[in-house]
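Shown next: entry-v3.txt, given as compact mmCIF, C-alpha atoms.
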```
# COMPACT_ATOMS: atom_id res chain seq x y z
CA MET A 1093 88.51 122.90 96.95
CA ARG A 1094 87.99 119.19 97.42
CA ARG A 1095 86.14 119.70 100.66
CA ARG A 1096 83.51 121.56 98.65
CA ASP A 1097 82.88 118.63 96.30
CA LEU A 1098 79.43 118.71 94.77
CA LEU A 1099 76.84 116.38 96.29
CA ALA A 1100 74.12 116.04 93.69
CA GLY A 1101 70.77 114.85 94.96
CA THR A 1102 69.82 112.80 91.95
CA ALA A 1103 68.80 109.18 92.30
CA ALA A 1104 70.91 107.88 89.44
CA ILE A 1105 71.60 104.19 89.02
CA PHE A 1106 75.09 103.21 90.18
CA SER A 1107 76.73 101.30 87.34
CA GLY A 1108 80.09 100.59 88.92
CA SER A 1109 81.57 100.65 85.44
CA GLY A 1110 84.20 103.16 86.43
CA ALA A 1111 85.83 100.93 89.07
CA ALA A 1112 88.29 99.43 86.61
CA GLY A 1113 89.24 102.86 85.29
CA GLY A 1114 89.03 102.00 81.58
CA PRO A 1115 91.39 100.26 79.18
CA ALA A 1116 95.11 100.84 78.91
CA ALA A 1117 96.40 103.77 76.87
CA ALA A 1118 96.47 103.30 73.11
CA GLY A 1119 99.44 101.21 72.08
CA VAL A 1120 100.22 100.16 75.69
CA ALA A 1121 99.91 96.45 76.49
CA VAL A 1122 97.79 95.46 79.47
CA LEU A 1123 100.05 93.44 81.77
CA SER A 1124 98.93 90.52 83.89
CA GLY A 1125 99.95 90.47 87.53
CA GLU A 1126 102.88 88.19 86.71
CA GLN A 1127 103.96 90.39 83.81
CA ALA A 1128 103.71 93.59 85.87
CA HIS A 1129 105.77 91.96 88.62
CA ALA A 1130 108.44 90.76 86.17
CA ALA A 1131 108.56 94.13 84.44
CA MET A 1132 109.12 95.92 87.74
CA LEU A 1133 111.94 93.53 88.65
CA ARG A 1134 113.59 94.34 85.32
CA ARG A 1135 113.20 98.09 86.01
CA LEU A 1136 114.93 97.56 89.35
CA GLY A 1137 117.66 95.32 87.96
CA ILE A 1138 116.62 92.41 90.18
CA LYS A 1139 116.97 88.89 88.79
CA ALA A 1140 115.14 87.02 91.58
CA LEU A 1141 113.43 87.57 94.93
CA ARG A 1142 113.54 85.45 98.04
CA PRO A 1143 110.32 83.44 98.41
CA GLY A 1144 107.72 84.34 101.00
CA VAL A 1145 106.90 82.01 103.86
CA ASP A 1146 104.25 79.30 103.49
CA GLY A 1147 101.54 79.71 106.11
CA MET A 1148 99.66 76.54 105.17
CA ASN A 1149 102.25 73.75 104.95
CA PRO A 1150 104.65 73.29 107.90
CA LYS A 1151 106.69 70.88 105.76
CA ALA A 1152 107.21 73.42 102.99
CA ALA A 1153 110.71 74.52 102.00
CA ASN A 1154 110.12 77.89 103.68
CA PRO A 1155 107.44 77.42 106.36
CA VAL A 1156 106.13 80.29 108.43
CA ASN A 1157 107.83 80.76 111.77
CA TYR A 1158 105.79 80.95 114.98
CA ASP A 1159 108.70 80.29 117.33
CA GLU A 1160 109.29 83.45 119.34
CA ALA A 1161 112.92 82.49 119.96
CA ARG A 1162 113.56 82.92 116.21
CA ALA A 1163 111.34 85.97 115.73
CA GLY A 1164 113.57 88.90 116.59
CA PRO A 1165 113.88 91.63 115.54
CA PHE A 1166 117.62 91.08 115.27
CA SER A 1167 118.50 94.57 114.07
CA LEU A 1168 117.92 97.94 115.67
CA LEU A 1169 114.72 99.75 114.79
CA PRO A 1170 115.23 103.13 113.13
CA ASP A 1171 114.62 105.74 115.82
CA PRO A 1172 111.68 107.92 114.76
CA LEU A 1173 113.04 110.67 117.01
CA ALA A 1174 116.55 110.68 115.54
CA LEU A 1175 117.51 112.95 112.65
CA PRO A 1176 119.77 111.50 109.93
CA ASP A 1177 122.86 112.98 111.63
CA GLY A 1178 121.94 111.28 114.92
CA THR A 1179 120.58 114.38 116.64
CA LEU A 1180 117.62 113.49 118.84
CA VAL A 1181 114.35 115.35 118.40
CA SER A 1182 113.40 116.94 121.69
CA ALA A 1183 110.84 119.54 120.59
CA ALA A 1184 107.42 119.01 119.04
CA ARG A 1185 108.09 121.71 116.44
CA THR A 1186 111.17 119.83 115.19
CA TRP A 1187 109.03 116.72 114.80
CA TRP A 1188 106.38 118.51 112.74
CA ASP A 1189 108.73 120.66 110.67
CA VAL A 1190 111.69 118.34 110.14
CA ARG A 1191 111.51 114.74 111.30
CA ARG A 1192 107.95 113.86 110.33
CA PRO A 1193 108.42 115.03 106.71
CA GLN A 1194 111.59 112.91 106.51
CA ILE A 1195 109.66 109.81 107.59
CA VAL A 1196 106.81 110.57 105.18
CA GLU A 1197 109.34 110.86 102.34
CA ALA A 1198 110.95 107.52 103.25
CA PHE A 1199 107.59 105.74 103.19
CA ALA A 1200 106.63 107.40 99.90
CA ARG A 1201 109.92 106.53 98.21
CA GLU A 1202 110.51 103.03 99.55
CA ILE A 1203 107.22 101.47 100.69
CA HIS A 1204 103.86 103.00 99.75
CA GLY A 1205 104.71 105.09 96.69
CA ARG A 1206 103.87 108.66 95.80
CA VAL A 1207 100.38 110.03 95.21
CA PRO A 1208 100.37 111.89 91.87
CA ARG A 1209 99.60 115.59 91.90
CA GLY A 1210 96.54 117.04 90.26
CA LEU A 1211 94.06 114.22 90.72
CA PRO A 1212 90.56 115.62 90.20
CA ALA A 1213 88.07 115.69 93.06
CA PRO A 1214 85.14 113.27 92.91
CA VAL A 1215 81.72 114.55 91.92
CA TRP A 1216 79.21 112.86 94.21
CA ARG A 1217 75.72 111.69 93.35
CA THR A 1218 73.06 109.95 95.40
CA VAL A 1219 72.34 106.47 94.11
CA LYS A 1220 69.71 105.48 96.65
CA GLU A 1221 68.23 106.82 99.86
CA GLU A 1222 66.13 104.80 102.27
CA ARG A 1223 65.01 104.72 105.88
CA VAL A 1224 65.98 101.74 108.00
CA THR A 1225 65.81 100.90 111.68
CA ARG A 1226 68.85 100.06 113.76
CA GLY A 1227 68.27 99.13 117.37
CA GLY A 1228 64.91 100.85 117.33
CA VAL A 1229 66.39 104.09 115.93
CA ALA A 1230 65.20 105.48 112.59
CA VAL A 1231 68.23 105.87 110.32
CA VAL A 1232 68.60 107.51 106.91
CA GLU A 1233 70.95 105.48 104.71
CA ARG A 1234 72.34 106.95 101.49
CA ARG A 1235 74.25 105.02 98.86
CA LEU A 1236 76.59 107.47 97.17
CA ALA A 1237 78.83 107.34 94.13
CA GLY A 1238 81.82 109.65 93.70
CA ASP A 1239 82.93 109.92 90.09
CA VAL A 1240 86.60 110.80 89.49
CA THR A 1241 87.08 111.57 85.80
CA ALA A 1242 90.28 112.34 83.88
CA HIS A 1243 91.98 111.36 80.64
CA GLY A 1244 88.81 109.79 79.32
CA ARG A 1245 88.48 107.49 82.33
CA THR A 1246 86.14 107.41 85.32
CA VAL A 1247 86.70 105.75 88.68
CA THR A 1248 83.62 105.64 90.93
CA ILE A 1249 83.93 105.56 94.72
CA ASP A 1250 81.27 103.36 96.34
CA LEU A 1251 80.05 104.61 99.72
CA LEU A 1252 77.21 104.00 102.19
CA VAL A 1253 76.44 106.66 104.81
CA GLY A 1254 73.95 106.23 107.66
CA THR A 1255 72.83 108.83 110.21
CA PRO A 1256 69.95 108.99 112.69
CA GLU A 1257 66.93 110.69 111.15
CA GLY A 1258 67.01 114.43 111.83
CA ALA A 1259 70.63 114.27 113.02
CA ALA A 1260 72.99 117.23 112.98
CA ASN A 1261 76.68 117.60 113.72
CA LEU A 1262 77.29 114.04 114.93
CA PRO A 1263 80.52 112.01 115.18
CA ALA A 1264 80.95 109.17 112.68
CA VAL A 1265 83.13 106.16 111.90
CA ILE A 1266 84.29 105.31 108.37
CA GLU A 1267 84.85 101.58 107.87
CA LEU A 1268 86.89 100.32 104.94
CA GLY A 1269 84.75 97.40 103.92
CA PHE A 1270 81.76 96.31 101.92
CA PRO A 1271 78.65 98.51 101.64
CA ASP A 1272 76.58 95.44 100.71
CA GLY A 1273 78.21 93.27 103.38
CA PRO A 1274 81.17 90.88 103.00
CA PRO A 1275 80.59 88.74 99.91
CA TRP A 1276 81.58 85.58 101.77
CA MET A 1277 78.73 86.13 104.25
CA ARG A 1278 75.95 86.24 101.66
CA GLY A 1279 73.37 83.59 102.38
CA ARG A 1280 74.96 82.79 105.74
CA PRO A 1281 73.71 83.68 109.24
CA LEU A 1282 75.10 86.84 110.79
CA PRO A 1283 77.91 86.36 113.33
CA PRO A 1284 76.96 86.58 117.01
CA GLY A 1285 77.09 89.92 118.76
CA PRO A 1286 75.94 93.40 117.80
CA ASP A 1287 76.66 94.98 114.44
CA TRP A 1288 79.10 97.84 115.04
CA ARG A 1289 76.78 100.17 113.11
CA ASP A 1290 73.97 99.44 115.57
CA ALA A 1291 76.33 100.26 118.42
CA ALA A 1292 77.38 103.51 116.75
CA ILE A 1293 73.77 104.57 116.16
CA ALA A 1294 72.93 103.74 119.78
CA ARG A 1295 75.60 106.26 120.81
CA GLY A 1296 74.06 108.91 118.56
CA TRP A 1297 76.79 108.61 115.94
CA GLY A 1298 76.75 108.13 112.18
CA TYR A 1299 78.58 105.56 110.10
CA ALA A 1300 80.06 105.21 106.65
CA VAL A 1301 81.13 102.06 104.82
CA TYR A 1302 83.55 102.72 101.98
CA ALA A 1303 84.57 100.11 99.38
CA PRO A 1304 88.34 100.50 98.75
CA THR A 1305 88.28 98.26 95.69
CA SER A 1306 85.99 100.74 93.96
CA VAL A 1307 89.00 103.08 93.96
CA GLN A 1308 91.62 100.49 93.06
CA PRO A 1309 90.96 96.80 92.35
CA ASP A 1310 92.65 94.37 94.72
CA ASP A 1311 94.30 92.64 91.80
CA PRO A 1312 97.95 92.74 90.67
CA GLY A 1313 96.72 92.48 87.10
CA GLN A 1314 94.73 95.72 87.40
CA LEU A 1315 97.53 98.21 88.09
CA GLN A 1316 96.82 99.88 84.75
CA ALA A 1317 93.21 100.33 85.85
CA GLY A 1318 91.51 101.98 88.83
CA ILE A 1319 92.77 105.28 90.17
CA ILE A 1320 96.40 104.23 89.62
CA GLY A 1321 95.69 103.54 85.96
CA LEU A 1322 93.69 106.76 85.67
CA ALA A 1323 96.61 108.80 87.01
CA ASN A 1324 99.08 106.97 84.75
CA ARG A 1325 96.79 107.11 81.69
CA GLY A 1326 96.85 103.33 81.56
CA ARG A 1327 100.62 102.96 81.55
CA PRO A 1328 102.57 100.64 83.89
CA ARG A 1329 103.88 102.06 87.15
CA ASP A 1330 107.25 103.62 87.84
CA PRO A 1331 109.15 102.21 90.86
CA ASP A 1332 108.03 105.01 93.20
CA ASP A 1333 104.42 105.17 92.01
CA TRP A 1334 101.75 104.43 94.60
CA GLY A 1335 100.32 101.00 95.27
CA ALA A 1336 96.81 99.89 96.18
CA LEU A 1337 97.20 100.48 99.93
CA ARG A 1338 98.03 104.14 99.39
CA ALA A 1339 95.20 104.47 96.86
CA TRP A 1340 92.72 102.92 99.30
CA ALA A 1341 93.90 105.33 102.01
CA LEU A 1342 93.47 108.29 99.67
CA GLY A 1343 89.86 107.19 99.18
CA VAL A 1344 89.32 107.79 102.91
CA SER A 1345 90.40 111.40 102.43
CA ARG A 1346 87.94 111.85 99.59
CA VAL A 1347 85.14 110.37 101.73
CA LEU A 1348 86.10 112.76 104.51
CA ASP A 1349 85.88 115.65 102.04
CA LEU A 1350 82.30 114.62 101.37
CA LEU A 1351 81.43 114.28 105.05
CA GLU A 1352 82.61 117.86 105.56
CA THR A 1353 79.67 118.92 103.41
CA ASP A 1354 77.12 116.77 105.30
CA PRO A 1355 75.24 118.78 107.99
CA ALA A 1356 74.40 115.52 109.83
CA ILE A 1357 78.09 114.87 110.55
CA ASP A 1358 80.77 116.82 112.39
CA ALA A 1359 83.80 116.08 110.21
CA ARG A 1360 86.14 117.08 113.03
CA ARG A 1361 84.91 113.97 114.86
CA VAL A 1362 85.38 111.17 112.34
CA ALA A 1363 87.37 107.99 112.96
CA VAL A 1364 88.49 105.31 110.53
CA ALA A 1365 88.47 101.53 110.91
CA GLY A 1366 89.72 98.61 108.86
CA MET A 1367 90.51 94.92 109.13
CA SER A 1368 93.40 92.88 107.68
CA ARG A 1369 94.49 94.43 104.33
CA TYR A 1370 91.93 97.15 104.96
CA GLY A 1371 93.50 97.57 108.40
CA LYS A 1372 96.77 98.31 106.64
CA ALA A 1373 95.02 100.93 104.53
CA ALA A 1374 93.25 102.39 107.59
CA LEU A 1375 96.62 102.83 109.28
CA LEU A 1376 97.93 104.60 106.18
CA ALA A 1377 94.87 106.83 106.27
CA MET A 1378 95.65 107.77 109.86
CA ALA A 1379 99.27 108.45 108.93
CA TYR A 1380 98.55 110.62 105.89
CA GLU A 1381 95.16 112.24 106.69
CA PRO A 1382 95.50 114.63 109.66
CA ARG A 1383 91.77 115.41 109.80
CA LEU A 1384 90.91 111.94 111.12
CA ALA A 1385 90.23 111.99 114.86
CA GLY A 1386 91.18 108.38 115.57
CA GLY A 1387 91.51 104.90 114.18
CA TYR A 1388 90.79 101.22 114.77
CA ILE A 1389 93.49 99.10 113.13
CA ALA A 1390 92.44 95.44 113.27
CA SER A 1391 94.72 92.47 112.50
CA SER A 1392 96.71 94.52 109.99
CA GLY A 1393 99.89 92.45 110.21
CA GLU A 1394 102.73 92.74 107.68
CA GLY A 1395 102.52 96.02 105.81
CA GLY A 1396 100.35 97.38 108.62
CA ALA A 1397 101.15 97.67 112.34
CA LYS A 1398 103.53 94.66 112.47
CA LEU A 1399 107.27 95.28 112.45
CA HIS A 1400 108.81 94.31 109.10
CA ARG A 1401 111.94 93.26 110.95
CA ARG A 1402 110.09 90.51 112.81
CA ARG A 1403 110.69 86.97 111.54
CA ARG A 1404 107.30 85.72 112.65
CA GLY A 1405 104.11 85.38 110.60
CA GLU A 1406 103.87 87.01 107.19
CA GLN A 1407 107.06 88.54 105.83
CA VAL A 1408 108.28 91.29 103.53
CA GLU A 1409 108.92 88.60 100.92
CA ASN A 1410 105.21 87.72 100.88
CA LEU A 1411 104.24 91.33 100.19
CA ALA A 1412 106.83 91.53 97.41
CA ALA A 1413 105.57 88.39 95.67
CA VAL A 1414 103.31 88.32 92.61
CA GLY A 1415 100.06 88.10 94.55
CA GLU A 1416 100.55 91.12 96.83
CA HIS A 1417 103.12 93.38 95.18
CA HIS A 1418 100.35 95.66 93.90
CA TRP A 1419 99.72 96.84 97.45
CA MET A 1420 103.16 98.46 97.62
CA ALA A 1421 105.42 100.70 95.58
CA GLY A 1422 107.70 98.97 93.12
CA ASN A 1423 110.76 100.05 95.12
CA PHE A 1424 109.55 97.91 98.00
CA LEU A 1425 110.43 94.76 96.02
CA ARG A 1426 114.13 95.52 96.58
CA TYR A 1427 113.75 94.53 100.24
CA ALA A 1428 112.96 90.96 99.21
CA GLY A 1429 116.21 90.82 97.21
CA PRO A 1430 118.94 91.98 97.25
CA LEU A 1431 118.10 94.04 100.39
CA THR A 1432 116.26 92.75 103.46
CA ALA A 1433 113.76 94.13 105.95
CA ASP A 1434 116.70 95.13 108.13
CA ASP A 1435 117.72 97.64 105.45
CA LEU A 1436 114.42 99.54 105.53
CA PRO A 1437 114.92 103.17 106.62
CA VAL A 1438 111.59 103.06 108.51
CA ASP A 1439 109.39 100.36 110.00
CA ALA A 1440 105.84 99.93 111.25
CA HIS A 1441 106.51 101.89 114.44
CA SER A 1442 107.40 104.86 112.25
CA LEU A 1443 104.03 104.55 110.49
CA ILE A 1444 102.18 104.43 113.81
CA ALA A 1445 104.17 107.49 114.91
CA LEU A 1446 102.82 109.44 111.92
CA ALA A 1447 99.36 109.14 113.50
CA ALA A 1448 100.52 110.69 116.79
CA PRO A 1449 99.20 112.15 118.96
CA ARG A 1450 95.72 111.18 117.72
CA PRO A 1451 94.08 108.18 119.41
CA LEU A 1452 94.87 104.82 117.80
CA PHE A 1453 93.45 101.41 118.81
CA ILE A 1454 95.48 98.43 117.58
CA GLY A 1455 93.54 95.17 117.85
CA THR A 1456 94.11 91.59 116.79
CA GLY A 1457 93.31 87.99 117.47
CA GLY A 1458 95.79 86.18 119.69
CA ASP A 1459 98.65 84.03 118.44
CA ALA A 1460 96.62 80.84 118.76
CA THR A 1461 93.94 82.05 116.35
CA ASP A 1462 95.49 84.90 114.32
CA GLY A 1463 99.20 84.09 114.33
CA TRP A 1464 99.87 85.12 110.71
CA VAL A 1465 99.54 88.81 111.64
CA ASP A 1466 101.97 88.54 114.62
CA ALA A 1467 100.23 90.15 117.59
CA ARG A 1468 103.49 90.63 119.47
CA GLY A 1469 105.09 92.33 116.46
CA MET A 1470 102.24 94.86 116.37
CA PHE A 1471 102.50 95.47 120.11
CA MET A 1472 106.24 96.03 119.80
CA ALA A 1473 105.67 98.56 117.03
CA ALA A 1474 103.15 100.45 119.15
CA ALA A 1475 105.57 100.45 122.09
CA ALA A 1476 108.35 101.81 119.86
CA ALA A 1477 106.05 104.58 118.60
CA SER A 1478 105.05 105.61 122.12
CA PRO A 1479 107.93 108.10 122.65
CA VAL A 1480 106.57 110.15 119.74
CA TYR A 1481 103.12 110.21 121.34
CA ARG A 1482 104.67 111.42 124.58
CA LEU A 1483 106.77 114.09 122.86
CA LEU A 1484 103.59 115.49 121.27
CA GLY A 1485 101.69 115.61 124.56
CA GLY A 1486 99.82 112.32 124.17
CA THR A 1487 100.04 109.05 126.04
CA GLY A 1488 101.77 106.00 124.62
CA LEU A 1489 101.34 102.41 125.72
CA ASP A 1490 101.30 101.97 129.48
CA ARG A 1491 103.70 99.01 129.44
CA ALA A 1492 106.67 97.49 127.64
CA ALA A 1493 105.83 93.84 128.37
CA PHE A 1494 103.52 92.04 125.94
CA PRO A 1495 100.10 91.69 127.62
CA PRO A 1496 98.14 88.44 127.77
CA PRO A 1497 95.03 87.99 125.59
CA LEU A 1498 91.87 89.87 126.59
CA THR A 1499 93.93 92.62 128.24
CA LEU A 1500 93.13 96.17 127.19
CA THR A 1501 96.17 98.33 127.79
CA ALA A 1502 95.37 101.51 129.68
CA GLY A 1503 95.87 104.76 127.82
CA ASP A 1504 94.06 107.68 126.30
CA ASP A 1505 95.82 107.83 122.94
CA LEU A 1506 97.44 104.50 122.05
CA VAL A 1507 96.05 101.16 123.16
CA PHE A 1508 96.39 97.48 122.25
CA ARG A 1509 94.12 94.49 122.77
CA GLN A 1510 94.18 90.92 121.49
CA HIS A 1511 91.04 88.82 121.60
CA ALA A 1512 90.65 85.05 121.24
CA GLU A 1513 88.30 84.69 118.27
CA GLY A 1514 90.51 84.58 115.18
CA HIS A 1515 91.00 86.88 112.23
CA THR A 1516 88.09 89.21 112.89
CA PRO A 1517 87.58 92.72 114.26
CA GLY A 1518 84.29 91.85 115.98
CA PRO A 1519 85.35 91.18 119.59
CA ASN A 1520 87.20 94.51 119.81
CA TRP A 1521 84.57 96.77 118.23
CA LEU A 1522 82.84 97.77 121.45
CA TYR A 1523 86.20 98.44 123.12
CA PHE A 1524 87.14 100.67 120.21
CA LEU A 1525 83.85 102.57 120.31
CA ASP A 1526 84.45 103.30 124.00
CA PHE A 1527 87.96 104.44 123.08
CA ALA A 1528 86.60 106.60 120.27
CA GLU A 1529 84.53 108.57 122.78
CA HIS A 1530 87.82 110.01 124.01
CA ALA A 1531 89.04 110.63 120.47
CA PHE A 1532 85.91 112.59 119.64
CA ARG A 1533 86.05 114.64 122.85
CA ARG A 1534 89.63 115.51 122.10
CA ALA A 1535 88.91 116.43 118.48
CA ALA A 1536 86.05 118.69 119.50
```
Let me see whether you can do it: turn the structure in this file into structure tokens.
Amino acid sequence: MRRRDLLAGTAAIFSGSGAAGGPAAAGVAVLSGEQAHAAMLRRLGIKALRPGVDGMNPKAANPVNYDEARAGPFSLLPDPLALPDGTLVSAARTWWDVRRPQIVEAFAREIHGRVPRGLPAPVWRTVKEERVTRGGVAVVERRLAGDVTAHGRTVTIDLLVGTPEGAANLPAVIELGFPDGPPWMRGRPLPPGPDWRDAAIARGWGYAVYAPTSVQPDDPGQLQAGIIGLANRGRPRDPDDWGALRAWALGVSRVLDLLETDPAIDARRVAVAGMSRYGKAALLAMAYEPRLAGGYIASSGEGGAKLHRRRRGEQVENLAAVGEHHWMAGNFLRYAGPLTADDLPVDAHSLIALAAPRPLFIGTGGDATDGWVDARGMFMAAAAASPVYRLLGGTGLDRAAFPPPLTLTAGDDLVFRQHAEGHTPGPNWLYFLDFAEHAFRRAA
């Protein structure tokens, strides 16, 4: 069983050499991002895609729209509580047994791709263990490497876990991020305010920082590498094969398997958090991993908590372009030509609904500072998912009207807050940790 993955106590040196997943299969050409994109278009019979919007140049041929009057959505959202024949779901059992699997299948086929069967479990080893102090509390930090080996390839999951010294059975938060800190912050002063890990330790919790790109590189030219390349033996993807977002989310499940073996952590009380593209992956983790107790989804935007049908901020066409298509399944490219976002069988509210009724905190910067991710579009998605929360005995958003910045919506299970400090999760961390207290009580 994966949850019984071996945690070896050796202090081996972490090489990181497995992150790329090895070369392509013998006789198979390694495609660049442009070549992989073009090859997928040929597989789909698509001659050209509509261009994405330009978020930098307002005089561009296709500038980003921030005018709410032109934002929509201008088509009806698919009802997550309506079966294909129009019958409304009125019982929780029908949701779990019938409707939810239908939505999962639609996302797997059209948007995120399918996870291949039979992937081996990681074998974990301790790279480094040290004692540090956070807020005056002695903390044991372990750098761990999880080796996934198959077909002559190895992918190594990079993970940092910290728990108070002598801890047992504590809640924890997994952040999709950078165990060594964001590379753009190296050599620069730390941002103002407390580090979220200090705040977690002060509450008597543990923390984990997981590097998604150790599972799958964030590079459209690396789809024949990483865990996707390992599963495909170095061959190019099929149209319904998984993309990087789904692979990053699967890494959360493998980290959770490990935490189930850690006596310092109560794996029933573990939440996940991510920002921007990692916020998208954190939302996928909440949707597909039922063991997670709650989630913090920060500025996830298009492909995350924002409605695809919105014509504001980043668009489907941006995700389908050369630079981002590796996040999604190949089939998703069809919705940038000849289909449109209005043809999608599901939307972001359906993805949020897959997390129900577990507590979910959706945060973002306001339009003035984080407009690309479309705060209103994420709020609208959460509002449209709220009936599913209520059907399953949870609480949805407490309002239908878009709240002003710095307003925390009231609710136990689904909340929304926009801050005023740009594309960052920082100003909402403490609000989320307060919210997570409820999630952990409920999970226990």
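Minimum distance to A:His1129 across A:Gly1366, A:Pro1449, A:Gly1422, A:Pro1214 (counting only C-alpha atoms) occurs at A:Gly1422.
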Nearest to A:Asn1154 among A:Arg1360, A:Ala1294, A:Val1265, A:Gln1407, with distances taken over all atoms listed in the file: which residue is it?
->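 Using all atoms listed in the file, the shortest distance to A:Asn1154 belongs to A:Gln1407.
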Stretch 1367-1456 of chain A near stretch 1172-1180 of chain A within 10 Å: what's each residue's closest atom pair and its distance in Å to one decimal, counting only C-alpha atoms, ordered by chain then ascending residue number, as JSON lines?
```
{"residue": "A:Pro1437", "atom": "CA", "partner": "A:Pro1172", "partner_atom": "CA", "distance": 10.0}
{"residue": "A:Val1438", "atom": "CA", "partner": "A:Pro1172", "partner_atom": "CA", "distance": 7.9}
{"residue": "A:Asp1439", "atom": "CA", "partner": "A:Pro1172", "partner_atom": "CA", "distance": 9.2}
{"residue": "A:His1441", "atom": "CA", "partner": "A:Pro1172", "partner_atom": "CA", "distance": 7.9}
{"residue": "A:Ser1442", "atom": "CA", "partner": "A:Pro1172", "partner_atom": "CA", "distance": 5.8}
{"residue": "A:Leu1443", "atom": "CA", "partner": "A:Pro1172", "partner_atom": "CA", "distance": 9.4}
{"residue": "A:Ala1445", "atom": "CA", "partner": "A:Pro1172", "partner_atom": "CA", "distance": 7.5}
{"residue": "A:Leu1446", "atom": "CA", "partner": "A:Pro1172", "partner_atom": "CA", "distance": 9.4}
```
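Reported to one decimal place, the separation of atom CA of A:Ser1392 from atom CA of A:Asp1462 is 10.6 Å.
Counting only C-alpha atoms, the residue from A:Ala1512, A:Ala1128, A:Ala1413, A:Val1465 that sits nearest to A:Pro1496 is A:Ala1512.
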Skip stretch 1409-1411 of chain A itself and residues of its chain fewer than 6 positions away, then list as a ChimeraX atom specification all residues within 10 Å of it, counting all atoms listed in the file.
-> /A:1141-1146,1394-1395,1400,1417-1420,1424-1429,1432-1433
List as a compact mmCIF listing (two decimals) with C-alpha atoms, in the coordinates of the input the protein and nucleic acid residues near A:Ala1259, meaning an atom at most 10 Å away when all atoms listed in the file are counted, but skip any in the same chain fewer than 2 places from it.
```txt
# COMPACT_ATOMS: atom_id res chain seq x y z
CA VAL A 1231 68.23 105.87 110.32
CA VAL A 1232 68.60 107.51 106.91
CA THR A 1255 72.83 108.83 110.21
CA PRO A 1256 69.95 108.99 112.69
CA GLU A 1257 66.93 110.69 111.15
CA ASN A 1261 76.68 117.60 113.72
CA LEU A 1262 77.29 114.04 114.93
CA GLY A 1296 74.06 108.91 118.56
CA TRP A 1297 76.79 108.61 115.94
CA GLY A 1298 76.75 108.13 112.18
CA PRO A 1355 75.24 118.78 107.99
CA ALA A 1356 74.40 115.52 109.83
CA ILE A 1357 78.09 114.87 110.55
```
Would you mind reading off the distance between atom CA of A:Asn1423 and atom CA of A:Arg1245, one decimal, in Å?
-> 26.7 Å
Enumerate, as a PDB file with C-alpha atoms, in the frame of the given file, the protein, DNA and RNA residues whose atoms approach (93.4, 93.6, 116.8) to within 6 Å, taking into account only C-alpha atoms and the coordinate frame of the file.
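What landed in part38.pdb:
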```pdb
ATOM      1  CA  ALA A1390      92.440  95.440 113.270  1.00  0.00           C
ATOM      2  CA  SER A1391      94.720  92.470 112.500  1.00  0.00           C
ATOM      3  CA  ILE A1454      95.480  98.430 117.580  1.00  0.00           C
ATOM      4  CA  GLY A1455      93.540  95.170 117.850  1.00  0.00           C
ATOM      5  CA  THR A1456      94.110  91.590 116.790  1.00  0.00           C
ATOM      6  CA  GLY A1457      93.310  87.990 117.470  1.00  0.00           C
ATOM      7  CA  GLN A1510      94.180  90.920 121.490  1.00  0.00           C
TER       8      GLN A1510
END
```
Using only C-alpha atoms, find the one residue out of A:Val1362, A:Leu1315, A:Ala1379, A:Leu1384 that sits nearest to A:Arg1327.
->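 Comparing A:Val1362, A:Leu1315, A:Ala1379, A:Leu1384 against A:Arg1327, the winner is A:Leu1315.
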Step by step, gather every atom of stretch 1515-1523 of chain A that the file lists, find the box along x, y and z that holds them, add 3 Å on each side, and finally give centre and edge lengths in Å to one decimal, as AutoDock Vina command-line options.
```
--center_x 86.9 --center_y 92.7 --center_z 117.7 --size_x 14.2 --size_y 17.6 --size_z 16.9
```
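One distance worth recording is that between atom CA of A:Gln1316 and atom CA of A:Arg1209, which is 17.5 Å.
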May I have the protein, DNA and RNA residues with an atom at most 9 Å from (103.2, 108.7, 121.7), counting all atoms listed in the file in the file's coordinates, returned as a PyMOL selection string?
-> chain A and resi 1445+1448-1450+1474-1489+1505-1506
Write to file, as a compact mmCIF listing (two decimals), in the frame of the given file, the residues of the selection just made, with C-alpha atoms.
```txt
# COMPACT_ATOMS: atom_id res chain seq x y z
CA ALA A 1445 104.17 107.49 114.91
CA ALA A 1448 100.52 110.69 116.79
CA PRO A 1449 99.20 112.15 118.96
CA ARG A 1450 95.72 111.18 117.72
CA ALA A 1474 103.15 100.45 119.15
CA ALA A 1475 105.57 100.45 122.09
CA ALA A 1476 108.35 101.81 119.86
CA ALA A 1477 106.05 104.58 118.60
CA SER A 1478 105.05 105.61 122.12
CA PRO A 1479 107.93 108.10 122.65
CA VAL A 1480 106.57 110.15 119.74
CA TYR A 1481 103.12 110.21 121.34
CA ARG A 1482 104.67 111.42 124.58
CA LEU A 1483 106.77 114.09 122.86
CA LEU A 1484 103.59 115.49 121.27
CA GLY A 1485 101.69 115.61 124.56
CA GLY A 1486 99.82 112.32 124.17
CA THR A 1487 100.04 109.05 126.04
CA GLY A 1488 101.77 106.00 124.62
CA LEU A 1489 101.34 102.41 125.72
CA ASP A 1505 95.82 107.83 122.94
CA LEU A 1506 97.44 104.50 122.05
```
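Look at A:Asp1333: the protein and nucleic acid residues within 10 Å of it, using all atoms listed in the file and passing over chain neighbours fewer than 6 places away, are Ala1200, Arg1201, Glu1202, Ile1203, His1204, Gly1205, Arg1206, Val1207, Pro1208, Ile1320, Ala1323, Asn1324, Met1420, Ala1421, Gly1422 and Asn1423 of chain A.
Distance annotation: of A:Gly1405, A:Pro1275, A:Thr1499, A:Asp1349, the residue with the minimal separation from A:Gly1147 is A:Gly1405; atom set is only C-alpha atoms.
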